[in-house]
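This is input_33.json (JSON, C-alpha atoms).
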```json
[["chain", "number", "residue", "atom", "x", "y", "z"],
["A", 1, "MET", "CA", 0.00, 0.00, 0.00],
["A", 2, "THR", "CA", 1.31, 3.39, -0.95],
["A", 3, "GLU", "CA", 1.03, 6.41, 1.28],
["A", 4, "GLU", "CA", -1.29, 7.97, -1.30],
["A", 5, "ASN", "CA", -3.70, 5.04, -0.90],
["A", 6, "HIS", "CA", -3.21, 4.25, 2.73],
["A", 7, "HIS", "CA", -6.68, 3.01, 3.77],
["A", 8, "HIS", "CA", -7.10, -0.76, 3.43],
["A", 9, "GLN", "CA", -10.55, -2.32, 3.41],
["A", 10, "THR", "CA", -11.28, -3.39, 6.96],
["A", 11, "VAL", "CA", -12.02, -7.02, 8.02],
["A", 12, "ALA", "CA", -12.66, -8.60, 11.14],
["A", 13, "ASP", "CA", 21.33, -11.88, 26.90],
["A", 14, "LYS", "CA", 20.24, -14.77, 24.24],
["A", 15, "GLY", "CA", 23.15, -15.72, 21.99],
["A", 16, "PHE", "CA", 22.71, -15.85, 18.28],
["A", 17, "PRO", "CA", 25.30, -18.45, 17.21],
["A", 18, "TRP", "CA", 23.85, -18.96, 13.76],
["A", 19, "LEU", "CA", 24.55, -15.40, 12.61],
["A", 20, "GLY", "CA", 27.34, -15.42, 10.09],
["A", 21, "ALA", "CA", 27.54, -18.92, 8.74],
["A", 22, "GLY", "CA", 24.25, -19.74, 10.41],
["A", 23, "LEU", "CA", 22.44, -17.02, 8.48],
["A", 24, "GLY", "CA", 23.00, -19.22, 5.47],
["A", 25, "VAL", "CA", 20.72, -21.78, 7.02],
["A", 26, "LEU", "CA", 18.11, -19.10, 7.73],
["A", 27, "ALA", "CA", 18.17, -17.70, 4.24],
["A", 28, "LEU", "CA", 17.92, -21.13, 2.63],
["A", 29, "VAL", "CA", 14.38, -21.37, 3.90],
["A", 30, "GLY", "CA", 13.60, -18.92, 1.11],
["A", 31, "PHE", "CA", 13.89, -21.86, -1.27],
["A", 32, "ILE", "CA", 11.19, -23.82, 0.50],
["A", 33, "TYR", "CA", 8.05, -24.34, -1.58],
["A", 34, "TYR", "CA", 5.03, -23.89, 0.65],
["A", 35, "GLN", "CA", 1.48, -24.89, -0.18],
["A", 36, "GLY", "CA", 0.20, -22.34, 2.34],
["A", 37, "LEU", "CA", 0.31, -21.89, 6.08],
["A", 38, "ARG", "CA", -1.42, -25.19, 6.89],
["A", 39, "ALA", "CA", 0.20, -28.04, 8.75],
["A", 40, "ASP", "CA", -1.50, -30.64, 6.56],
["A", 41, "LYS", "CA", 0.18, -29.27, 3.45],
["A", 42, "PRO", "CA", 3.92, -29.92, 3.66],
["A", 43, "PRO", "CA", 6.47, -28.26, 1.37],
["A", 44, "GLN", "CA", 6.76, -29.67, -2.13],
["A", 45, "GLY", "CA", 9.51, -29.65, -4.71],
["A", 46, "PRO", "CA", 13.31, -29.97, -4.70],
["A", 47, "GLU", "CA", 13.85, -27.03, -2.36],
["A", 48, "SER", "CA", 11.81, -28.62, 0.44],
["A", 49, "ALA", "CA", 14.87, -30.30, 1.96],
["A", 50, "ALA", "CA", 16.27, -26.91, 2.99],
["A", 51, "TYR", "CA", 14.92, -26.27, 6.48],
["A", 52, "LEU", "CA", 16.04, -23.84, 9.12],
["A", 53, "GLU", "CA", 17.87, -25.64, 11.91],
["A", 54, "GLY", "CA", 15.71, -25.09, 14.95],
["A", 55, "GLU", "CA", 12.58, -22.97, 15.27],
["A", 56, "GLY", "CA", 13.41, -20.56, 18.09],
["A", 57, "ILE", "CA", 13.08, -16.83, 17.41],
["A", 58, "LEU", "CA", 14.99, -15.49, 20.42],
["A", 59, "VAL", "CA", 12.04, -14.28, 22.49],
["A", 60, "GLU", "CA", 9.91, -15.67, 25.27],
["A", 61, "TRP", "CA", 6.16, -15.14, 24.99],
["A", 62, "GLY", "CA", 5.48, -16.02, 28.61],
["A", 63, "ASP", "CA", 2.19, -14.66, 29.96],
["A", 64, "LEU", "CA", 1.52, -12.17, 27.17],
["A", 65, "GLY", "CA", -1.45, -14.15, 25.87],
["A", 66, "ARG", "CA", -3.19, -13.91, 29.23],
["A", 67, "ARG", "CA", -2.36, -10.23, 29.57],
["A", 68, "LEU", "CA", -3.69, -9.42, 26.10],
["A", 69, "ILE", "CA", -6.93, -11.20, 27.01],
["A", 70, "GLU", "CA", -7.24, -9.53, 30.41],
["A", 71, "ALA", "CA", -6.77, -6.10, 28.81],
["A", 72, "GLY", "CA", -9.39, -6.88, 26.16],
["A", 73, "VAL", "CA", -7.09, -6.53, 23.16],
["A", 74, "ILE", "CA", -8.00, -10.15, 22.53],
["A", 75, "ASP", "CA", -11.51, -11.40, 23.22],
["A", 76, "LYS", "CA", -10.75, -15.01, 24.06],
["A", 77, "ASP", "CA", -14.11, -16.35, 22.88],
["A", 78, "LYS", "CA", -13.80, -14.63, 19.50],
["A", 79, "PHE", "CA", -10.22, -15.76, 19.15],
["A", 80, "LEU", "CA", -10.93, -19.39, 19.99],
["A", 81, "ASN", "CA", -14.01, -19.44, 17.76],
["A", 82, "LEU", "CA", -11.92, -18.24, 14.84],
["A", 83, "TYR", "CA", -9.45, -21.08, 15.28],
["A", 84, "ALA", "CA", -12.15, -23.63, 16.04],
["A", 85, "ARG", "CA", -13.47, -22.97, 12.54],
["A", 86, "ARG", "CA", -9.99, -23.41, 11.16],
["A", 87, "GLY", "CA", -9.29, -26.46, 13.29],
["A", 88, "THR", "CA", -5.66, -25.54, 13.75],
["A", 89, "LEU", "CA", -4.98, -25.14, 17.50],
["A", 90, "SER", "CA", -2.46, -27.47, 19.11],
["A", 91, "ASP", "CA", -1.70, -27.72, 22.82],
["A", 92, "ALA", "CA", 1.31, -25.47, 22.27],
["A", 93, "ASP", "CA", -0.92, -22.94, 20.50],
["A", 94, "ARG", "CA", -3.34, -22.92, 23.42],
["A", 95, "ALA", "CA", -0.46, -22.34, 25.81],
["A", 96, "LEU", "CA", 0.44, -19.21, 23.86],
["A", 97, "ILE", "CA", -3.12, -17.94, 24.00],
["A", 98, "ASP", "CA", -3.54, -18.77, 27.68],
["A", 99, "GLY", "CA", -0.24, -17.14, 28.60],
["A", 100, "ILE", "CA", 1.39, -20.24, 30.02],
["A", 101, "SER", "CA", 4.07, -20.61, 27.36],
["A", 102, "GLU", "CA", 7.53, -21.44, 28.68],
["A", 103, "GLY", "CA", 10.92, -21.00, 27.07],
["A", 104, "GLU", "CA", 11.89, -19.61, 23.71],
["A", 105, "LEU", "CA", 9.05, -19.01, 21.29],
["A", 106, "LYS", "CA", 8.99, -21.36, 18.31],
["A", 107, "ALA", "CA", 7.91, -20.25, 14.84],
["A", 108, "ASN", "CA", 7.08, -22.65, 12.05],
["A", 109, "GLN", "CA", 4.77, -23.19, 9.13],
["A", 110, "ALA", "CA", 2.05, -24.66, 11.34],
["A", 111, "ASN", "CA", 1.78, -21.75, 13.80],
["A", 112, "ALA", "CA", 2.74, -18.83, 11.56],
["A", 113, "SER", "CA", -0.86, -17.66, 11.18],
["A", 114, "LEU", "CA", -1.48, -17.80, 14.94],
["A", 115, "LEU", "CA", 1.72, -15.87, 15.65],
["A", 116, "LEU", "CA", 0.67, -13.28, 13.09],
["A", 117, "ASN", "CA", -2.53, -12.59, 15.03],
["A", 118, "LEU", "CA", -0.85, -12.67, 18.45],
["A", 119, "PHE", "CA", 1.90, -10.30, 17.36],
["A", 120, "TRP", "CA", -0.75, -8.13, 15.67],
["A", 121, "ALA", "CA", -2.62, -7.81, 18.97],
["A", 122, "LEU", "CA", 0.62, -6.98, 20.77],
["A", 123, "GLY", "CA", 1.68, -4.37, 18.22],
["A", 124, "LEU", "CA", -1.75, -2.75, 18.25],
["A", 125, "GLY", "CA", -2.18, -2.62, 22.00],
["A", 126, "ASN", "CA", 1.33, -1.92, 23.26],
["A", 127, "GLU", "CA", 2.10, 1.71, 24.00],
["A", 128, "SER", "CA", 4.37, 3.01, 21.25],
["A", 129, "PRO", "CA", 5.63, 6.42, 20.07],
["A", 130, "ILE", "CA", 5.60, 4.95, 16.57],
["A", 131, "LEU", "CA", 1.82, 4.60, 16.75],
["A", 132, "GLU", "CA", 1.28, 7.90, 18.51],
["A", 133, "LYS", "CA", 3.63, 10.13, 16.51],
["A", 134, "GLY", "CA", 4.51, 8.25, 13.34],
["A", 135, "GLU", "CA", 2.79, 7.87, 10.00],
["A", 136, "MET", "CA", -0.24, 6.15, 11.50],
["A", 137, "ALA", "CA", -1.09, 9.36, 13.34],
["A", 138, "GLN", "CA", -0.29, 11.68, 10.46],
["A", 139, "TYR", "CA", -2.91, 10.67, 7.91],
["A", 140, "GLY", "CA", -6.08, 10.94, 9.99],
["A", 141, "ASP", "CA", -8.78, 8.30, 10.36],
["A", 142, "THR", "CA", -6.34, 6.05, 12.19],
["A", 143, "GLY", "CA", -9.12, 3.60, 12.96],
["A", 144, "ASN", "CA", -9.74, 2.88, 9.28],
["A", 145, "PHE", "CA", -6.46, 1.14, 8.54],
["A", 146, "ALA", "CA", -6.51, -2.62, 8.08],
["A", 147, "SER", "CA", -4.32, -2.98, 11.15],
["A", 148, "THR", "CA", -6.79, -1.08, 13.34],
["A", 149, "GLY", "CA", -10.32, -1.34, 11.95],
["A", 150, "GLY", "CA", -9.42, -4.79, 10.69],
["A", 151, "TRP", "CA", -8.70, -6.13, 14.17],
["A", 152, "SER", "CA", -12.08, -7.72, 14.90],
["A", 153, "LEU", "CA", -10.97, -9.94, 17.77],
["A", 154, "SER", "CA", -10.92, -7.41, 20.61],
["A", 155, "LYS", "CA", -13.47, -6.59, 23.27],
["A", 156, "GLY", "CA", -15.11, -3.41, 22.09],
["A", 157, "ASP", "CA", -13.61, -1.10, 19.48],
["A", 158, "ALA", "CA", -10.04, -1.95, 18.54],
["A", 159, "MET", "CA", -9.12, 1.72, 18.78],
["A", 160, "ASN", "CA", -9.89, 1.63, 22.50],
["A", 161, "HIS", "CA", -6.72, -0.43, 22.78],
["A", 162, "TYR", "CA", -4.56, 1.45, 20.29],
["A", 163, "SER", "CA", -1.19, 2.12, 21.97],
["A", 164, "ALA", "CA", -3.05, 1.95, 25.27],
["A", 165, "HIS", "CA", -1.32, -0.74, 27.32],
["A", 166, "SER", "CA", 2.14, -1.36, 28.76],
["A", 167, "PHE", "CA", 2.73, -4.96, 27.77],
["A", 168, "VAL", "CA", 6.36, -4.47, 26.72],
["A", 169, "ALA", "CA", 8.29, -1.59, 28.26],
["A", 170, "LEU", "CA", 11.26, -0.20, 26.33],
["A", 171, "ASP", "CA", 13.97, 2.12, 27.55],
["A", 172, "SER", "CA", 15.19, 4.94, 25.30],
["A", 173, "ALA", "CA", 17.93, 2.86, 23.67],
["A", 174, "GLU", "CA", 15.57, -0.03, 22.96],
["A", 175, "GLN", "CA", 12.95, 2.31, 21.52],
["A", 176, "ALA", "CA", 15.57, 3.93, 19.29],
["A", 177, "LEU", "CA", 16.54, 0.47, 18.05],
["A", 178, "VAL", "CA", 12.93, -0.38, 17.23],
["A", 179, "GLU", "CA", 12.58, 2.95, 15.42],
["A", 180, "LYS", "CA", 15.69, 2.26, 13.34],
["A", 181, "VAL", "CA", 15.00, -1.35, 12.48],
["A", 182, "SER", "CA", 11.30, -0.79, 11.77],
["A", 183, "LYS", "CA", 12.18, 1.72, 9.05],
["A", 184, "GLY", "CA", 14.26, -0.91, 7.27],
["A", 185, "ILE", "CA", 11.73, -3.75, 7.19],
["A", 186, "TYR", "CA", 9.19, -3.93, 4.37],
["A", 187, "ARG", "CA", 6.50, -6.44, 3.44],
["A", 188, "PRO", "CA", 5.40, -7.58, -0.03],
["A", 189, "CYS", "CA", 1.75, -6.64, 0.51],
["A", 190, "CYS", "CA", 2.36, -2.87, 0.33],
["A", 191, "ASP", "CA", 5.01, -0.17, 0.02],
["A", 192, "ASN", "CA", 5.21, 0.85, 3.67],
["A", 193, "SER", "CA", 7.83, -0.09, 6.21],
["A", 194, "THR", "CA", 7.08, -1.49, 9.65],
["A", 195, "HIS", "CA", 7.35, 2.08, 10.94],
["A", 196, "PHE", "CA", 4.02, 2.60, 9.13],
["A", 197, "PRO", "CA", 2.14, -0.52, 10.30],
["A", 198, "ASP", "CA", -1.08, 0.06, 8.40],
["A", 199, "CYS", "CA", -1.80, -3.62, 7.77],
["A", 200, "ASN", "CA", -1.76, -6.74, 9.91],
["A", 201, "HIS", "CA", 1.71, -7.86, 8.86],
["A", 202, "GLY", "CA", 3.19, -4.47, 9.66],
["A", 203, "MET", "CA", 1.51, -4.23, 13.05],
["A", 204, "ALA", "CA", 2.54, -7.79, 13.88],
["A", 205, "MET", "CA", 6.13, -7.06, 12.94],
["A", 206, "LEU", "CA", 6.10, -3.96, 15.14],
["A", 207, "GLY", "CA", 4.93, -6.06, 18.08],
["A", 208, "LEU", "CA", 7.65, -8.62, 17.44],
["A", 209, "LEU", "CA", 10.37, -5.97, 17.16],
["A", 210, "GLN", "CA", 9.30, -4.46, 20.48],
["A", 211, "LEU", "CA", 9.47, -7.87, 22.11],
["A", 212, "LEU", "CA", 12.89, -8.58, 20.62],
["A", 213, "ALA", "CA", 14.30, -5.24, 21.73],
["A", 214, "ALA", "CA", 12.92, -5.59, 25.25],
["A", 215, "GLN", "CA", 14.54, -9.01, 25.58],
["A", 216, "GLY", "CA", 17.98, -7.88, 24.49],
["A", 217, "ALA", "CA", 18.15, -8.70, 20.79],
["A", 218, "THR", "CA", 20.74, -6.89, 18.69],
["A", 219, "GLU", "CA", 20.01, -5.07, 15.44],
["A", 220, "ASP", "CA", 21.34, -7.97, 13.36],
["A", 221, "GLN", "CA", 19.27, -10.45, 15.33],
["A", 222, "MET", "CA", 16.14, -8.39, 14.83],
["A", 223, "PHE", "CA", 16.61, -8.27, 11.07],
["A", 224, "ALA", "CA", 17.33, -12.00, 10.93],
["A", 225, "VAL", "CA", 14.24, -12.94, 12.94],
["A", 226, "ALA", "CA", 12.14, -10.49, 10.91],
["A", 227, "LEU", "CA", 13.28, -12.14, 7.69],
["A", 228, "ARG", "CA", 12.38, -15.53, 9.06],
["A", 229, "MET", "CA", 8.87, -14.38, 9.95],
["A", 230, "ASN", "CA", 8.35, -12.65, 6.61],
["A", 231, "MET", "CA", 9.38, -15.90, 4.92],
["A", 232, "LEU", "CA", 6.71, -17.73, 6.90],
["A", 233, "TRP", "CA", 4.04, -15.09, 6.27],
["A", 234, "PHE", "CA", 4.91, -14.59, 2.57],
["A", 235, "PRO", "CA", 6.45, -17.93, 1.55],
["A", 236, "ASP", "CA", 5.76, -17.71, -2.17],
["A", 237, "GLN", "CA", 7.09, -14.17, -2.50],
["A", 238, "TYR", "CA", 10.35, -15.02, -0.78],
["A", 239, "ARG", "CA", 10.75, -18.11, -2.90],
["A", 240, "VAL", "CA", 10.61, -15.79, -5.91],
["A", 241, "ILE", "CA", 13.05, -13.34, -4.33],
["A", 242, "ALA", "CA", 15.44, -16.21, -3.62],
["A", 243, "ARG", "CA", 15.10, -17.34, -7.23],
["A", 244, "TYR", "CA", 15.96, -13.82, -8.39],
["A", 245, "PHE", "CA", 19.23, -13.77, -6.48],
["A", 246, "GLU", "CA", 20.05, -17.19, -7.88],
["A", 247, "THR", "CA", 19.55, -15.93, -11.44],
["A", 248, "GLN", "CA", 21.94, -13.10, -10.65],
["A", 249, "GLY", "CA", 24.62, -15.57, -9.67],
["A", 250, "GLN", "CA", 24.30, -14.73, -5.98],
["A", 251, "ASP", "CA", 24.01, -17.27, -3.20],
["A", 252, "PHE", "CA", 20.84, -16.22, -1.39],
["A", 253, "SER", "CA", 22.16, -17.78, 1.79],
["A", 254, "ARG", "CA", 24.87, -15.10, 1.84],
["A", 255, "VAL", "CA", 22.62, -12.11, 1.24],
["A", 256, "SER", "CA", 22.17, -9.91, 4.31],
["A", 257, "PRO", "CA", 18.66, -10.09, 5.84],
["A", 258, "GLN", "CA", 18.74, -6.30, 6.03],
["A", 259, "VAL", "CA", 19.23, -6.13, 2.27],
["A", 260, "VAL", "CA", 16.47, -8.64, 1.55],
["A", 261, "LEU", "CA", 14.01, -6.87, 3.85],
["A", 262, "GLY", "CA", 14.66, -3.45, 2.33],
["A", 263, "LYS", "CA", 12.38, -1.59, -0.03],
["A", 264, "GLU", "CA", 14.21, -2.79, -3.14],
["A", 265, "TYR", "CA", 13.11, -6.40, -2.66],
["A", 266, "SER", "CA", 10.52, -6.74, 0.11],
["A", 267, "SER", "CA", 8.14, -3.84, -0.54],
["A", 268, "GLY", "CA", 5.15, -4.46, -2.76],
["A", 269, "SER", "CA", 6.63, -2.53, -5.68],
["A", 270, "GLY", "CA", 10.10, -3.93, -5.04],
["A", 271, "TYR", "CA", 8.79, -7.46, -5.05],
["A", 272, "ARG", "CA", 6.87, -6.93, -8.30],
["A", 273, "ARG", "CA", 9.98, -5.48, -9.94],
["A", 274, "THR", "CA", 12.07, -8.38, -8.69],
["A", 275, "ALA", "CA", 9.51, -10.94, -9.86],
["A", 276, "SER", "CA", 9.44, -9.35, -13.31],
["A", 277, "LEU", "CA", 13.16, -9.94, -13.69],
["A", 278, "ILE", "CA", 13.21, -13.69, -13.16],
["A", 279, "PRO", "CA", 12.56, -16.31, -15.85],
["A", 280, "PRO", "CA", 8.87, -16.68, -16.75],
["A", 281, "ASP", "CA", 8.78, -20.33, -15.69],
["A", 282, "ALA", "CA", 9.21, -19.35, -12.03],
["A", 283, "GLU", "CA", 5.97, -19.82, -10.10],
["A", 284, "ARG", "CA", 4.33, -16.72, -8.68],
["A", 285, "ARG", "CA", 1.38, -16.94, -6.37],
["A", 286, "SER", "CA", -1.02, -14.53, -4.79],
["A", 287, "GLY", "CA", -0.05, -12.63, -1.67],
["A", 288, "ALA", "CA", -1.14, -13.09, 1.92],
["A", 289, "SER", "CA", -4.36, -11.64, 3.29],
["A", 290, "CYS", "CA", -4.39, -8.58, 5.54],
["A", 291, "GLY", "CA", -7.23, -9.97, 7.68],
["A", 292, "VAL", "CA", -7.35, -12.09, 10.83]]
```
Represent the supplied structure as structure tokens.
Amino acid sequence: MTEENHHHQTVADKGFPWLGAGLGVLALVGFIYYQGLRADKPPQGPESAAYLEGEGILVEWGDLGRRLIEAGVIDKDKFLNLYARRGTLSDADRALIDGISEGELKANQANASLLLNLFWALGLGNESPILEKGEMAQYGDTGNFASTGGWSLSKGDAMNHYSAHSFVALDSAEQALVEKVSKGIYRPCCDNSTHFPDCNHGMAMLGLLQLLAAQGATEDQMFAVALRMNMLWFPDQYRVIARYFETQGQDFSRVSPQVVLGKEYSSGSGYRRTASLIPPDAERRSGASCGV
């Protein structure tokens, strides 16, 4: 989404040993062929053997699910009804919702959609100068963005929770880091960075970045985790981006996550340009939805 057309339609101290050589393993997931974010549809094709080693994303979720529910950002009945229709909640998923999750948060193809909605709720509800003073506040009608009016799983109006709760507290250095990194992370569904979280993916990424910063992640770690999540949320697009680098004689596993996540490749227009430059036999699929 461009800034000129910024209103979507609304709908309901951890180590990072795999940076460096390990980033190669992360980036290789870009070659995975996904059939969608459903556990009953495993990856297909020759690239499916390339999996990320481990599923941890350097943060602990802890009791945030319970706190989001208690504050009303998540209406538990609405949330559970949504996933009952989808039939996709595991015991681990329920632990995240109930706020009894222990240890490092795991992200994978099966729970990517759930994490998207949980991070969306966190990004929407957590007090943030980015929401109060950034682009979201500069265009008027803040409640009409897909990331605000589209959040249909709260108690009452979603805007009652907009930047209203202290779920994740950041000091000045951590906030500055979130500001910096958020401006460098784009998503293939629009042309705005995470600093302008006008859709669900942007708001979810903002919530994740805040959580990462609060728990001691470095700038490089934040970009690497962000790339991993974008790959899970936009698997087909990142498969195409990986194919592009391959056609340019570049090993995608050696491309910096910060470069991949930048406007040139990961924005909506950047992705379309990149996709237009690869051989016509490369598969291109539709993008992810901006709804719950």
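Restricting the calculation to all atoms listed in the file, the smallest distance between Leu227 of chain A and any of A:Asn81, A:Ser113, A:Ser193, A:Ser266 is found for A:Ser266.
Using all atoms listed in the file, the contacts of Gly56 of chain A at a cut-off of 8 Å, with sequence neighbours closer than 5 positions omitted, comprise Glu104, Leu105, Lys106 and Ala107 of chain A.
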* Compile the contact shell of Glu102 of chain A as a ChimeraX atom specification: residues with an atom at most 10 Å away, counting all atoms listed in the file, same-chain residues fewer than 2 positions apart removed. => /A:60-63,92,95-96,99-100,104-105
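Across the structure, atom CA of Gln237 of chain A and atom CA of Leu261 of chain A are spaced 11.9 Å apart.
Nearest to Trp120 of chain A of all the residues A:Gly202, A:Pro188, A:Gly140, A:Gly103 is A:Gly202, counting all atoms listed in the file.
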* **One-decimal distance in Å that lies between atom CA of Ser269 of chain A and atom CA of Pro235 of chain A** => 17.0 Å
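Distance check against Leu124 of chain A using all atoms listed in the file: of A:Ile241, A:Ala71, A:Ala275, A:Leu206, the minimum falls on A:Leu206.
Candidate residues A:Tyr186, A:Phe245, A:Tyr139, A:Phe119 were compared for distance to Val168 of chain A, and the nearest is A:Phe119, using all atoms listed in the file.
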* Contacts of segment 127-137 of chain A at 7 Å (all atoms listed in the file; same-chain gap of 6+ positions) as a ChimeraX atom specification -> /A:163-166,195-196,198
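The interatomic distance for the pair atom CA of Gly123 of chain A and atom CA of Arg239 of chain A works out to 26.8 Å.
Distance check against Gly268 of chain A using all atoms listed in the file: of A:His201, A:Lys76, A:Arg67, A:Arg187, the minimum falls on A:Arg187.
Each of A:Leu114, A:Met159, A:Val260, A:Val59 was compared to Gly184 of chain A using only C-alpha atoms, and A:Val260 turns out to be the nearest.
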* Residues within 9 Å of Leu277 of chain A, only C-alpha atoms, excluding chain neighbours under 4 positions, as a PyMOL selection string -> chain A and resi 244+272-273
The centre and edge lengths of an axis-aligned box containing all atoms of segment 167-183 of chain A present in the file, extended by 3 Å on each side, are to be given in Å to one decimal, as AutoDock Vina command-line options.
```
--center_x 10.3 --center_y 0.0 --center_z 18.7 --size_x 21.2 --size_y 15.9 --size_z 25.2
```
